[in-house]
$ cat work_3.tsv   # TSV, C-alpha atoms
chain	number	residue	atom	x	y	z
A	1424	MET	CA	5.85	-24.31	20.29
A	1425	LYS	CA	3.39	-21.64	21.37
A	1426	ILE	CA	2.40	-19.48	18.41
A	1427	VAL	CA	0.58	-16.22	19.17
A	1428	ILE	CA	-1.20	-14.43	16.34
A	1429	LEU	CA	-1.67	-10.85	17.52
A	1430	GLU	CA	-3.79	-9.62	14.61
A	1431	ARG	CA	-5.85	-12.49	13.25
A	1432	ASN	CA	-8.22	-10.15	11.42
A	1433	SER	CA	-5.40	-8.38	9.55
A	1434	VAL	CA	-5.70	-11.11	6.89
A	1435	GLY	CA	-9.49	-11.14	7.14
A	1436	PRO	CA	-11.77	-13.53	9.03
A	1437	ASP	CA	-12.72	-15.13	5.71
A	1438	ILE	CA	-9.19	-16.48	5.24
A	1439	SER	CA	-8.31	-19.61	7.20
A	1440	VAL	CA	-5.16	-19.70	9.33
A	1441	ASP	CA	-5.80	-23.27	10.48
A	1442	THR	CA	-2.66	-24.59	8.76
A	1443	LEU	CA	-0.61	-22.92	11.49
A	1444	ASN	CA	-2.11	-25.42	13.95
A	1445	GLU	CA	0.14	-28.03	12.33
A	1446	LEU	CA	3.19	-26.14	13.62
A	1447	GLY	CA	2.31	-25.59	17.26
A	1448	GLU	CA	-0.22	-24.50	19.84
A	1449	VAL	CA	-1.89	-21.46	18.31
A	1450	THR	CA	-3.58	-18.63	20.19
A	1451	ALA	CA	-5.17	-16.00	17.95
A	1452	TYR	CA	-6.41	-12.54	18.87
A	1453	LYS	CA	-8.62	-10.57	16.50
A	1454	ASN	CA	-6.59	-7.39	16.97
A	1455	THR	CA	-3.80	-6.13	19.21
A	1456	VAL	CA	-3.05	-2.43	19.35
A	1457	THR	CA	-1.25	-1.35	22.50
A	1458	VAL	CA	2.13	-2.13	24.01
A	1459	GLU	CA	0.35	-3.46	27.10
A	1460	GLU	CA	-1.71	-5.90	25.03
A	1461	VAL	CA	1.39	-7.20	23.23
A	1462	ARG	CA	3.21	-7.60	26.54
A	1463	GLU	CA	0.36	-9.58	28.08
A	1464	ARG	CA	-0.39	-11.75	25.07
A	1465	THR	CA	3.20	-12.73	24.23
A	1466	ALA	CA	4.30	-13.45	27.80
A	1467	ASP	CA	4.86	-17.17	27.15
A	1468	ALA	CA	4.96	-17.14	23.33
A	1469	ASP	CA	7.68	-18.86	21.32
A	1470	ILE	CA	6.63	-17.40	17.97
A	1471	VAL	CA	4.80	-14.11	17.43
A	1472	VAL	CA	2.82	-13.31	14.30
A	1473	ALA	CA	2.03	-9.61	13.87
A	1474	ASN	CA	1.23	-6.93	11.34
A	1475	LYS	CA	0.93	-3.46	12.92
A	1476	SER	CA	1.29	-4.38	16.60
A	1477	PRO	CA	4.29	-2.66	18.25
A	1478	ILE	CA	7.13	-5.16	18.53
A	1479	ASN	CA	9.89	-3.52	20.54
A	1480	GLU	CA	11.65	-3.53	23.90
A	1481	SER	CA	8.69	-2.01	25.72
A	1482	SER	CA	6.29	-4.65	24.46
A	1483	LEU	CA	8.55	-7.70	24.33
A	1484	SER	CA	11.14	-7.35	27.10
A	1485	GLY	CA	9.17	-9.60	29.42
A	1486	SER	CA	8.50	-12.23	26.76
A	1487	LYS	CA	11.57	-14.34	27.39
A	1488	ASN	CA	10.66	-17.31	25.19
A	1489	VAL	CA	10.21	-15.50	21.88
A	1490	LYS	CA	12.41	-17.04	19.20
A	1491	LEU	CA	10.84	-15.73	15.99
A	1492	VAL	CA	8.66	-12.85	14.80
A	1493	CYS	CA	6.67	-13.29	11.60
A	1494	GLU	CA	4.80	-10.57	9.75
A	1495	PHE	CA	1.43	-11.01	8.09
A	1496	ALA	CA	2.83	-8.43	5.67
A	1497	THR	CA	5.73	-7.32	3.52
A	1498	GLY	CA	6.36	-4.26	5.69
A	1499	TYR	CA	8.02	-4.56	9.08
A	1500	ASP	CA	8.16	-0.97	10.33
A	1501	ASN	CA	6.22	-2.03	13.44
A	1502	CYS	CA	9.36	-3.88	14.58
A	1503	ASP	CA	12.40	-2.46	16.34
A	1504	LEU	CA	14.94	-4.45	14.37
A	1505	ASP	CA	17.93	-3.33	16.45
A	1506	TYR	CA	16.30	-4.52	19.65
A	1507	LEU	CA	15.22	-7.84	18.14
A	1508	LYS	CA	18.67	-8.39	16.67
A	1509	SER	CA	20.24	-7.76	20.09
A	1510	ARG	CA	18.13	-10.65	21.39
A	1511	GLY	CA	18.88	-12.88	18.41
A	1512	ILE	CA	15.23	-12.91	17.32
A	1513	PRO	CA	14.85	-13.09	13.53
A	1514	VAL	CA	12.02	-11.23	11.79
A	1515	CYS	CA	10.43	-12.78	8.71
A	1516	ASN	CA	8.14	-10.97	6.29
A	1517	VAL	CA	6.29	-12.26	3.22
A	1518	VAL	CA	7.62	-10.86	-0.03
A	1519	GLY	CA	5.67	-10.53	-3.26
A	1520	TYR	CA	2.35	-11.97	-2.13
A	1521	SER	CA	0.39	-8.81	-3.06
A	1522	THR	CA	2.32	-7.61	-6.10
A	1523	ASP	CA	-0.34	-8.49	-8.68
A	1524	MET	CA	-3.20	-7.02	-6.66
A	1525	VAL	CA	-1.44	-3.76	-5.78
A	1526	ALA	CA	-0.50	-3.27	-9.42
A	1527	GLN	CA	-4.09	-4.00	-10.44
A	1528	HIS	CA	-5.45	-1.53	-7.89
A	1529	THR	CA	-3.05	1.13	-9.12
A	1530	PHE	CA	-4.88	1.14	-12.44
A	1531	THR	CA	-8.28	0.77	-10.80
A	1532	LEU	CA	-7.64	4.07	-9.02
A	1533	ALA	CA	-6.07	5.76	-12.02
A	1534	LEU	CA	-8.89	4.85	-14.39
A	1535	ALA	CA	-11.68	5.53	-11.91
A	1536	VAL	CA	-10.51	9.04	-11.09
A	1537	SER	CA	-9.31	10.09	-14.54
A	1538	GLN	CA	-12.43	8.80	-16.32
A	1539	ASN	CA	-14.74	10.15	-13.62
A	1540	LEU	CA	-16.49	6.80	-13.38
A	1541	ALA	CA	-18.40	7.69	-10.20
A	1542	HIS	CA	-19.99	10.65	-11.98
A	1543	TYR	CA	-21.09	8.60	-14.97
A	1544	ASP	CA	-22.37	5.72	-12.84
A	1545	ASN	CA	-24.43	8.18	-10.82
A	1546	TYR	CA	-25.61	9.87	-14.03
A	1547	VAL	CA	-27.19	6.61	-15.14
A	1548	LYS	CA	-28.55	5.56	-11.75
A	1549	SER	CA	-30.02	8.98	-11.01
A	1550	GLY	CA	-32.31	8.70	-14.02
A	1551	GLU	CA	-30.68	11.54	-15.94
A	1552	TYR	CA	-29.47	9.18	-18.66
A	1553	SER	CA	-32.95	7.72	-19.11
A	1554	ALA	CA	-34.40	11.22	-19.41
A	1555	GLN	CA	-32.08	12.41	-22.17
A	1556	ASP	CA	-32.84	12.14	-25.87
A	1557	ARG	CA	-29.44	10.90	-27.11
A	1558	PHE	CA	-27.66	7.55	-26.76
A	1559	SER	CA	-24.47	8.82	-25.09
A	1560	ASN	CA	-23.19	11.34	-22.60
A	1561	PHE	CA	-19.69	12.63	-21.97
A	1562	ASP	CA	-20.23	15.98	-20.31
A	1563	ILE	CA	-16.95	15.69	-18.35
A	1564	PRO	CA	-14.05	15.06	-20.77
A	1565	PHE	CA	-11.71	12.11	-20.26
A	1566	TYR	CA	-8.62	10.93	-22.09
A	1567	GLU	CA	-6.77	7.79	-23.13
A	1568	LEU	CA	-3.80	6.31	-21.33
A	1569	SER	CA	-2.17	5.54	-24.66
A	1570	GLY	CA	0.51	8.07	-25.45
A	1571	LYS	CA	0.68	9.44	-21.91
A	1572	THR	CA	3.81	9.44	-19.77
A	1573	TRP	CA	3.55	7.22	-16.72
A	1574	GLY	CA	6.04	8.01	-13.96
A	1575	ILE	CA	6.98	5.61	-11.18
A	1576	VAL	CA	8.66	6.14	-7.82
A	1577	GLY	CA	10.00	2.80	-6.62
A	1578	MET	CA	10.98	0.27	-9.27
A	1579	GLY	CA	10.73	-2.86	-7.13
A	1580	ASN	CA	8.47	-5.82	-7.80
A	1581	ILE	CA	5.29	-3.74	-7.77
A	1582	GLY	CA	6.81	-0.86	-9.71
A	1583	ARG	CA	7.98	-3.24	-12.43
A	1584	LYS	CA	4.56	-4.86	-12.67
A	1585	VAL	CA	2.91	-1.45	-12.98
A	1586	ALA	CA	5.42	-0.50	-15.68
A	1587	GLN	CA	4.54	-3.61	-17.69
A	1588	ILE	CA	0.81	-2.89	-17.47
A	1589	ALA	CA	1.28	0.79	-18.31
A	1590	GLN	CA	3.26	-0.19	-21.39
A	1591	ALA	CA	0.43	-2.50	-22.43
A	1592	PHE	CA	-1.85	0.55	-22.31
A	1593	GLY	CA	0.59	2.35	-24.60
A	1594	CYS	CA	2.19	4.62	-22.03
A	1595	LYS	CA	5.76	5.92	-22.12
A	1596	LEU	CA	7.58	4.86	-18.93
A	1597	ILE	CA	9.92	6.93	-16.79
A	1598	PHE	CA	10.99	6.41	-13.20
A	1599	THR	CA	13.18	7.81	-10.50
A	1600	SER	CA	15.25	6.03	-7.88
A	1601	VAL	CA	14.88	7.52	-4.40
A	1602	THR	CA	18.28	6.12	-3.40
A	1603	GLY	CA	19.94	6.66	-6.77
A	1604	LYS	CA	21.09	3.03	-6.74
A	1605	SER	CA	18.55	1.39	-9.06
A	1606	LYS	CA	20.00	-1.09	-11.51
A	1607	VAL	CA	16.88	-1.11	-13.72
A	1608	THR	CA	17.87	-0.38	-17.29
A	1609	GLU	CA	14.80	-1.32	-19.34
A	1610	TYR	CA	13.04	1.96	-18.49
A	1611	GLU	CA	14.23	5.55	-18.61
A	1612	MET	CA	15.52	6.75	-15.25
A	1613	VAL	CA	15.20	10.48	-14.59
A	1614	SER	CA	15.66	12.89	-11.71
A	1615	LYS	CA	12.82	13.54	-9.29
A	1616	ASP	CA	12.22	16.99	-10.76
A	1617	GLU	CA	12.04	15.63	-14.30
A	1618	LEU	CA	9.70	12.87	-13.18
A	1619	LEU	CA	7.37	15.41	-11.61
A	1620	GLU	CA	7.44	17.71	-14.62
A	1621	ARG	CA	6.90	15.06	-17.29
A	1622	SER	CA	4.46	12.57	-15.73
A	1623	ASP	CA	0.81	12.53	-16.77
A	1624	PHE	CA	0.25	9.78	-14.21
A	1625	LEU	CA	2.59	9.41	-11.26
A	1626	SER	CA	2.33	6.27	-9.12
A	1627	LEU	CA	4.18	5.65	-5.87
A	1628	HIS	CA	5.52	2.20	-4.96
A	1629	CYS	CA	8.34	3.00	-2.55
A	1630	PRO	CA	8.81	2.06	1.11
A	1631	LEU	CA	8.55	4.70	3.82
A	1632	SER	CA	11.95	5.93	4.97
A	1633	ASN	CA	13.69	9.13	5.98
A	1634	ILE	CA	14.17	9.77	2.27
A	1635	THR	CA	10.56	9.20	1.23
A	1636	LEU	CA	8.78	10.86	4.16
A	1637	ASP	CA	6.77	13.74	2.62
A	1638	TYR	CA	8.38	12.89	-0.73
A	1639	ILE	CA	5.35	14.40	-2.44
A	1640	ASN	CA	4.84	17.71	-0.69
A	1641	GLY	CA	3.70	21.17	-1.73
A	1642	ALA	CA	6.91	21.94	-3.59
A	1643	ALA	CA	6.74	18.66	-5.50
A	1644	LEU	CA	3.07	19.09	-6.40
A	1645	LYS	CA	3.76	22.56	-7.81
A	1646	LYS	CA	6.17	20.98	-10.30
A	1647	MET	CA	3.56	18.58	-11.68
A	1648	LYS	CA	1.33	19.23	-14.67
A	1649	LYS	CA	-2.09	20.68	-13.94
A	1650	THR	CA	-3.48	17.75	-15.93
A	1651	ALA	CA	-1.54	15.12	-13.95
A	1652	TYR	CA	-2.90	12.42	-11.64
A	1653	LEU	CA	-1.15	11.14	-8.52
A	1654	ILE	CA	-1.64	7.54	-7.37
A	1655	ASN	CA	-0.38	6.43	-3.96
A	1656	VAL	CA	-0.47	2.72	-3.07
A	1657	ALA	CA	2.81	2.85	-1.14
A	1658	ARG	CA	2.72	4.35	2.35
A	1659	GLY	CA	0.50	7.21	3.49
A	1660	LYS	CA	3.27	9.44	4.81
A	1661	VAL	CA	5.05	9.47	1.45
A	1662	VAL	CA	2.45	12.11	0.51
A	1663	ASN	CA	1.80	15.18	2.64
A	1664	ASN	CA	-1.99	15.03	2.90
A	1665	LYS	CA	-2.49	18.73	3.72
A	1666	ASP	CA	-0.37	19.78	0.75
A	1667	LEU	CA	-2.23	17.37	-1.53
A	1668	TYR	CA	-5.56	18.79	-0.38
A	1669	GLU	CA	-4.42	22.29	-1.23
A	1670	ALA	CA	-3.09	21.18	-4.62
A	1671	LEU	CA	-6.37	19.48	-5.50
A	1672	GLU	CA	-8.49	22.40	-4.33
A	1673	SER	CA	-6.38	24.95	-6.22
A	1674	GLY	CA	-6.18	22.85	-9.38
A	1675	GLU	CA	-2.41	22.36	-9.26
A	1676	ILE	CA	-3.02	18.76	-10.32
A	1677	ALA	CA	-6.10	17.19	-11.90
A	1678	GLY	CA	-6.73	14.44	-9.39
A	1679	ALA	CA	-5.46	11.72	-7.10
A	1680	GLY	CA	-6.19	8.13	-6.17
A	1681	LEU	CA	-5.09	7.00	-2.71
A	1682	ASP	CA	-5.17	3.68	-0.94
A	1683	VAL	CA	-3.04	4.89	1.97
A	1684	LEU	CA	-3.12	7.94	4.23
A	1685	GLU	CA	-0.92	9.64	6.81
A	1686	GLU	CA	-3.14	8.25	9.57
A	1687	GLU	CA	-5.39	5.24	9.17
A	1688	PRO	CA	-8.29	4.95	9.33
A	1689	LEU	CA	-9.01	8.36	7.76
A	1690	LYS	CA	-9.37	11.00	10.44
A	1691	LEU	CA	-12.05	13.64	9.93
A	1692	THR	CA	-9.36	16.19	10.79
A	1693	ASN	CA	-7.54	15.18	7.60
A	1694	PRO	CA	-8.50	17.86	5.05
A	1695	LEU	CA	-8.76	15.21	2.33
A	1696	SER	CA	-11.92	13.98	4.06
A	1697	LYS	CA	-13.63	17.18	2.87
A	1698	ILE	CA	-13.29	16.35	-0.82
A	1699	LYS	CA	-16.40	14.53	-2.03
A	1700	ASP	CA	-15.78	14.85	-5.79
A	1701	SER	CA	-14.61	11.41	-6.98
A	1702	GLY	CA	-13.42	12.97	-10.22
A	1703	LYS	CA	-10.88	14.85	-8.14
A	1704	LEU	CA	-10.07	12.34	-5.42
A	1705	ILE	CA	-10.76	8.67	-4.79
A	1706	ILE	CA	-9.71	7.06	-1.50
A	1707	THR	CA	-9.92	3.36	-0.77
A	1708	PRO	CA	-9.40	1.94	2.77
A	1709	HIS	CA	-5.90	0.43	2.48
A	1710	LEU	CA	-7.19	-2.56	0.54
A	1711	ALA	CA	-4.91	-2.65	-2.51
A	1712	TRP	CA	-3.04	-5.64	-1.11
A	1713	GLY	CA	-6.13	-7.50	0.07
A	1714	SER	CA	-7.52	-9.71	-2.67
A	1715	VAL	CA	-8.58	-13.17	-1.49
A	1716	GLU	CA	-5.69	-14.71	-3.40
A	1717	ALA	CA	-3.13	-12.30	-1.94
A	1718	ARG	CA	-4.28	-12.87	1.64
A	1719	GLU	CA	-4.17	-16.63	1.13
A	1720	ARG	CA	-0.62	-16.30	-0.19
A	1721	CYS	CA	0.29	-14.18	2.84
A	1722	VAL	CA	-0.87	-16.86	5.28
A	1723	THR	CA	0.93	-19.53	3.28
A	1724	GLY	CA	4.09	-17.42	3.38
A	1725	VAL	CA	3.94	-17.16	7.17
A	1726	TYR	CA	3.33	-20.91	7.42
A	1727	ASP	CA	6.38	-21.57	5.21
A	1728	ASN	CA	8.55	-19.21	7.26
A	1729	ILE	CA	7.63	-20.85	10.56
A	1730	LYS	CA	7.98	-24.37	9.16
A	1731	ALA	CA	11.42	-23.62	7.73
A	1732	PHE	CA	12.52	-22.09	11.03
A	1733	LEU	CA	11.35	-25.10	13.04
A	1734	GLU	CA	13.08	-27.49	10.63
A	1735	GLY	CA	16.32	-25.50	10.78
A	1736	HIS	CA	16.26	-24.51	7.12
A	1737	PRO	CA	17.39	-21.08	5.87
A	1738	ILE	CA	14.61	-18.52	6.14
A	1739	HIS	CA	14.08	-15.11	4.62
A	1740	VAL	CA	14.81	-12.64	7.42
A	1741	VAL	CA	14.87	-8.86	7.41
A	1742	ASN	CA	17.22	-8.45	10.38

$ encode --input "work_3.tsv" --output "structure tokens"
Amino acid sequence: MKIVILERNSVGPDISVDTLNELGEVTAYKNTVTVEEVRERTADADIVVANKSPINESSLSGSKNVKLVCEFATGYDNCDLDYLKSRGIPVCNVVGYSTDMVAQHTFTLALAVSQNLAHYDNYVKSGEYSAQDRFSNFDIPFYELSGKTWGIVGMGNIGRKVAQIAQAFGCKLIFTSVTGKSKVTEYEMVSKDELLERSDFLSLHCPLSNITLDYINGAALKKMKKTAYLINVARGKVVNNKDLYEALESGEIAGAGLDVLEEEPLKLTNPLSKIKDSGKLIITPHLAWGSVEARERCVTGVYDNIKAFLEGHPIHVVN
């Protein structure tokens, strides 16, 4: 079996993928971006491992040997599932490998922005703290999580983990179901409008779809509390970046923590790039999923998917 890894560096060069050599002849490329690159590199592949590379008729029609597509990810929106299904090519993702880290990063962002940690760290390192005559400084007020209402969009594995942690902090939990079909009963389910109006912290953990595209837009932001914080670790296009910029600049909400953006990497044309105040906005470079442990689990998950496929065992497929 010829296994082609299109985006070796998507799991980081520090994480070994050598175990895949046990399953076939592996060719790994650091990164693959264009349709033309995919077409060329998968020409004689039996198994394709991707992450963001376009996997569709344009890129794969000439790759006649492909029998399986595996994702170095949970998401699979880079794949044209209808086309792959028409060719009988299953697509396997890796579920749950990053749940703990994404949940952890949700609170990293929430606490960093709401407690203005960058300001206080700079206050000490700038020498201002050493020059003052008192032991403490809290010139920018900050507040406890305990007693606040934490709202969640997307009560899947990550949403549930975030809910558990928020409860440990003493938060009241509410959530909304974007499809209206959630069977979660241990937390209070409310409408989108009520979620927006009541949440002190609102975190997003939903997939990108026609329903969630621009889910948080100008109209939604206007319904939130002026003291509220928005945390997005889902998909960038769930939040309208221009509308968020305007809401932050006008004080419609207190702040935001983002790990994902409409276009990645951050374009300088994105108005959010203008905001330098980390007490208003913190942006991390799509790393919430990327702890060492999570990336190791991701590679192991791909190994398990390929091994099961080769041995004829049932595999977790998304198409």

$ residues_around --input "work_3.tsv" --residues "region 1472-1480 of chain A" --least-positions-apart "3" --cutoff "8 Å" --atoms "all atoms listed in the file" --output "list in words"
Ile1426, Val1427, Ile1428, Leu1429, Glu1430, Ser1433, Thr1455, Val1456, Thr1457, Val1458, Val1461, Leu1483, Ser1484, Val1492, Cys1493, Glu1494, Phe1495, Ala1496, Tyr1499, Asn1501, Cys1502, Asp1503, Tyr1506 and Leu1507 of chain A

$ write_last_selection --input "work_3.tsv" --atoms "C-alpha atoms" --output "PDB file, in the frame of the given file"
ATOM      1  CA  ILE A1426       2.400 -19.480  18.410  1.00  0.00           C
ATOM      2  CA  VAL A1427       0.580 -16.220  19.170  1.00  0.00           C
ATOM      3  CA  ILE A1428      -1.200 -14.430  16.340  1.00  0.00           C
ATOM      4  CA  LEU A1429      -1.670 -10.850  17.520  1.00  0.00           C
ATOM      5  CA  GLU A1430      -3.790  -9.620  14.610  1.00  0.00           C
ATOM      6  CA  SER A1433      -5.400  -8.380   9.550  1.00  0.00           C
ATOM      7  CA  THR A1455      -3.800  -6.130  19.210  1.00  0.00           C
ATOM      8  CA  VAL A1456      -3.050  -2.430  19.350  1.00  0.00           C
ATOM      9  CA  THR A1457      -1.250  -1.350  22.500  1.00  0.00           C
ATOM     10  CA  VAL A1458       2.130  -2.130  24.010  1.00  0.00           C
ATOM     11  CA  VAL A1461       1.390  -7.200  23.230  1.00  0.00           C
ATOM     12  CA  LEU A1483       8.550  -7.700  24.330  1.00  0.00           C
ATOM     13  CA  SER A1484      11.140  -7.350  27.100  1.00  0.00           C
ATOM     14  CA  VAL A1492       8.660 -12.850  14.800  1.00  0.00           C
ATOM     15  CA  CYS A1493       6.670 -13.290  11.600  1.00  0.00           C
ATOM     16  CA  GLU A1494       4.800 -10.570   9.750  1.00  0.00           C
ATOM     17  CA  PHE A1495       1.430 -11.010   8.090  1.00  0.00           C
ATOM     18  CA  ALA A1496       2.830  -8.430   5.670  1.00  0.00           C
ATOM     19  CA  TYR A1499       8.020  -4.560   9.080  1.00  0.00           C
ATOM     20  CA  ASN A1501       6.220  -2.030  13.440  1.00  0.00           C
ATOM     21  CA  CYS A1502       9.360  -3.880  14.580  1.00  0.00           C
ATOM     22  CA  ASP A1503      12.400  -2.460  16.340  1.00  0.00           C
ATOM     23  CA  TYR A1506      16.300  -4.520  19.650  1.00  0.00           C
ATOM     24  CA  LEU A1507      15.220  -7.840  18.140  1.00  0.00           C
TER      25      LEU A1507
END

$ atom_distance --input "work_3.tsv" --atom1 "CA of Asn1655 (chain A)" --atom2 "CA of Val1514 (chain A)"
26.7 Å

$ residues_around --input "work_3.tsv" --residues "Gly1570 (chain A)" --least-positions-apart "5" --cutoff "10 Å" --atoms "all atoms listed in the file" --output "ChimeraX atom specification"
/A:1590,1592-1595,1623

$ residues_around --input "work_3.tsv" --residues "Asp1700 (chain A)" --least-positions-apart "2" --cutoff "10 Å" --atoms "only C-alpha atoms" --output "count of residues only"
11

$ atom_distance --input "work_3.tsv" --atom1 "CA of Val1715 (chain A)" --atom2 "CA of Thr1529 (chain A)"
17.1 Å

$ closest_residue --input "work_3.tsv" --among "A:Ile1575, A:Val1518, A:Ala1533, A:Ile1729" --to "Asn1444 (chain A)" --atoms "all atoms listed in the file"
A:Ile1729

$ axis_aligned_box --input "work_3.tsv" --around "region 1724-1728 of chain A" --padding-each-side "8 Å" --output "lines of an AutoDock Vina configuration file"
center_x = 5.9
center_y = -19.4
center_z = 5.4
size_x = 21.2
size_y = 20.4
size_z = 20.0

$ atom_distance --input "work_3.tsv" --atom1 "CA of Gln1538 (chain A)" --atom2 "CA of Ala1651 (chain A)"
12.8 Å

$ residues_around --input "work_3.tsv" --residues "Phe1598 (chain A)" --least-positions-apart "6" --cutoff "8 Å" --atoms "all atoms listed in the file" --output "VMD selection string"
chain A and resid 1574 to 1578 1610 to 1613 1618

$ residues_around --input "work_3.tsv" --residues "Asp1441 (chain A)" --least-positions-apart "5" --cutoff "12 Å" --atoms "only C-alpha atoms" --output "list in words"
Ile1428, Arg1431, Pro1436, Leu1446, Gly1447, Glu1448, Val1449, Thr1450, Ala1451, Glu1719, Val1722, Thr1723, Val1725 and Tyr1726 of chain A

$ closest_residue --input "work_3.tsv" --among "A:Val1547, A:Val1434, A:Val1517, A:Ala1642" --to "Lys1453 (chain A)" --atoms "only C-alpha atoms"
A:Val1434

$ residues_near_point --input "work_3.tsv" --point "(-0.8, 15.6, -10.8)" --cutoff "12 Å" --atoms "only C-alpha atoms" --output "number ranges by chain"
A: 1533, 1536-1537, 1572-1574, 1618-1626, 1639-1641, 1643-1655, 1667-1668, 1670-1671, 1673-1680, 1703-1704

$ decode --input "work_3.tsv" --residues "region 1447-1464 of chain A" --atoms "N, CA and C atoms" --output "PDB file, in the first residue's frame"
ATOM      1  N   GLY A1447       2.600   0.491   5.336  1.00  0.00           N
ATOM      2  CA  GLY A1447       2.790   0.621   3.898  1.00  0.00           C
ATOM      3  C   GLY A1447       3.985   1.481   3.572  1.00  0.00           C
ATOM      4  N   GLU A1448       4.106   1.783   2.298  1.00  0.00           N
ATOM      5  CA  GLU A1448       5.188   2.643   1.797  1.00  0.00           C
ATOM      6  C   GLU A1448       4.729   4.099   1.922  1.00  0.00           C
ATOM      7  N   VAL A1449       5.355   4.825   2.825  1.00  0.00           N
ATOM      8  CA  VAL A1449       4.891   6.172   3.161  1.00  0.00           C
ATOM      9  C   VAL A1449       5.718   7.240   2.451  1.00  0.00           C
ATOM     10  N   THR A1450       5.005   8.183   1.827  1.00  0.00           N
ATOM     11  CA  THR A1450       5.626   9.386   1.285  1.00  0.00           C
ATOM     12  C   THR A1450       4.972  10.576   1.978  1.00  0.00           C
ATOM     13  N   ALA A1451       5.791  11.419   2.595  1.00  0.00           N
ATOM     14  CA  ALA A1451       5.251  12.534   3.376  1.00  0.00           C
ATOM     15  C   ALA A1451       5.722  13.867   2.802  1.00  0.00           C
ATOM     16  N   TYR A1452       4.774  14.785   2.645  1.00  0.00           N
ATOM     17  CA  TYR A1452       5.065  16.145   2.221  1.00  0.00           C
ATOM     18  C   TYR A1452       4.782  17.091   3.383  1.00  0.00           C
ATOM     19  N   LYS A1453       5.649  18.084   3.555  1.00  0.00           N
ATOM     20  CA  LYS A1453       5.475  19.003   4.673  1.00  0.00           C
ATOM     21  C   LYS A1453       4.122  19.702   4.620  1.00  0.00           C
ATOM     22  N   ASN A1454       3.735  20.165   3.434  1.00  0.00           N
ATOM     23  CA  ASN A1454       2.477  20.870   3.273  1.00  0.00           C
ATOM     24  C   ASN A1454       2.018  20.740   1.833  1.00  0.00           C
ATOM     25  N   THR A1455       0.716  20.689   1.645  1.00  0.00           N
ATOM     26  CA  THR A1455       0.132  20.611   0.309  1.00  0.00           C
ATOM     27  C   THR A1455      -1.071  21.530   0.289  1.00  0.00           C
ATOM     28  N   VAL A1456      -1.066  22.498  -0.610  1.00  0.00           N
ATOM     29  CA  VAL A1456      -2.082  23.543  -0.577  1.00  0.00           C
ATOM     30  C   VAL A1456      -3.012  23.509  -1.777  1.00  0.00           C
ATOM     31  N   THR A1457      -2.461  23.370  -2.962  1.00  0.00           N
ATOM     32  CA  THR A1457      -3.253  23.554  -4.177  1.00  0.00           C
ATOM     33  C   THR A1457      -3.818  22.248  -4.724  1.00  0.00           C
ATOM     34  N   VAL A1458      -4.834  22.387  -5.558  1.00  0.00           N
ATOM     35  CA  VAL A1458      -5.422  21.244  -6.257  1.00  0.00           C
ATOM     36  C   VAL A1458      -4.359  20.540  -7.097  1.00  0.00           C
ATOM     37  N   GLU A1459      -3.528  21.325  -7.760  1.00  0.00           N
ATOM     38  CA  GLU A1459      -2.490  20.761  -8.629  1.00  0.00           C
ATOM     39  C   GLU A1459      -1.505  19.917  -7.824  1.00  0.00           C
ATOM     40  N   GLU A1460      -1.133  20.388  -6.643  1.00  0.00           N
ATOM     41  CA  GLU A1460      -0.209  19.630  -5.791  1.00  0.00           C
ATOM     42  C   GLU A1460      -0.840  18.315  -5.345  1.00  0.00           C
ATOM     43  N   VAL A1461      -2.110  18.357  -4.955  1.00  0.00           N
ATOM     44  CA  VAL A1461      -2.793  17.125  -4.540  1.00  0.00           C
ATOM     45  C   VAL A1461      -2.838  16.145  -5.701  1.00  0.00           C
ATOM     46  N   ARG A1462      -3.179  16.647  -6.878  1.00  0.00           N
ATOM     47  CA  ARG A1462      -3.296  15.795  -8.065  1.00  0.00           C
ATOM     48  C   ARG A1462      -1.973  15.087  -8.357  1.00  0.00           C
ATOM     49  N   GLU A1463      -0.906  15.837  -8.303  1.00  0.00           N
ATOM     50  CA  GLU A1463       0.421  15.286  -8.607  1.00  0.00           C
ATOM     51  C   GLU A1463       0.871  14.287  -7.549  1.00  0.00           C
ATOM     52  N   ARG A1464       0.642  14.627  -6.285  1.00  0.00           N
ATOM     53  CA  ARG A1464       1.206  13.824  -5.198  1.00  0.00           C
ATOM     54  C   ARG A1464       0.393  12.573  -4.871  1.00  0.00           C
TER      55      ARG A1464
END
